[in-house]
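Everything on this sheet refers to the single structure shown next.
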Amino acid sequence: QVQLVESGGGLVQPGGSLKLSCRASGIIASNYNMGWYRQAPGKDREWVAMSASGGRRTEYTDSVKGRFTISRGNRGNTVDLQMSSLKPEDTAVYYCTCYLPYTDKYHWGQGTQVTVSS
């Protein structure tokens with residue numbers, strides 16, 4: 001059974017940094033594309049960043065380019081999102097996700113809250 005568990009959310013001041021981690025179980029995460037989405041109150045869930053299988057290619061939505069970095073964790077089966085220069089508009093619940101071709105579906109974590117406020 002595939003399970004994704006996020007951690008690392010919290011309250012941070014504008015301009016601060018935060019690192020989110022997603023630990024996958026039931027799959028070899030490096031074999032699949034992994035990504036992060038976020039959902040702010042009253043808004044649709046939006047894609048934030050993606051790490052291709054093997055971790056050699058990454059992509060970001062324009063609003064986080066140069067501020068966020070997605071990477072595969074050194075301990076394996078994790079994908080991290082390093083967030084810097086945080087803005088109040090980055091406030092959202094952040095979700096880890098992966099698409100598994102053999103199930104033809106996206107799998108999601110439970111989400112972790114990030115609040116950027118002074």
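Chain labels run A, B, ... following the order of the structure tokens; each chain numbers its residues from 1, and ligands are numbered from 1 in the order shown.
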
**OP:** Run DSSP on the backbone and give me the residues of chain A it puts in strand (DSSP E or B), as number ranges by chain.
**Re:** A: 3-7, 10-12, 18-25, 34-39, 46-51, 58-60, 68-72, 78-83, 92-100, 105-108, 112-116

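Summary of the local environment: counting only C-alpha atoms, residues at most 8 Å from segment 8-11 of chain A, other than itself and those fewer than 5 positions away along its chain, are Leu18, Lys19, Leu20, Ser21, Thr112, Gln113, Val114, Thr115, Val116 and Ser117 of chain A.
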
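Proximity to segment 47-49 of chain A at 6 Å, evaluated using only C-alpha atoms and with sequence-adjacent residues fewer than 3 positions away removed, yields Gly35, Trp36, Tyr37, Glu59, Tyr60 and Thr61 of chain A.
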
**OP:** Just the residues within 7 Å of segment 76-86 of chain A, please, counting only C-alpha atoms, with nothing from its chain fewer than 5 positions along; format it as a PyMOL selection string.
**Re:** chain A and resi 14-24+28-30+67-71+116

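Nearest residue to Arg57 of chain A among A:Trp108, A:Ala40, A:Asn33, A:Arg45 is A:Asn33, counting only C-alpha atoms.
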
Original post:
From the list A:Gln1, A:Thr91, A:Ser7, A:Gln13, which residue is nearest Ser118 of chain A when using only C-alpha atoms?
Top reply: A:Gln13

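Each of A:Gln39, A:Tyr99, A:His107, A:Val64 was compared to Lys87 of chain A using only C-alpha atoms, and A:Val64 turns out to be the nearest.
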
**OP:** List every residue of segment 4-104 of chain A that DSSP, applied to the backbone of this structure, assigns to helix (DSSP H, G or I), and report them as a PyMOL selection string.
**Re:** chain A and resi 29-31+62-64+88-90

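For the residues A:Ala92, A:Val12, A:Cys98, A:Met50, ranking by smallest atom-to-atom distance to Asn31 of chain A using only C-alpha atoms places A:Cys98 first.
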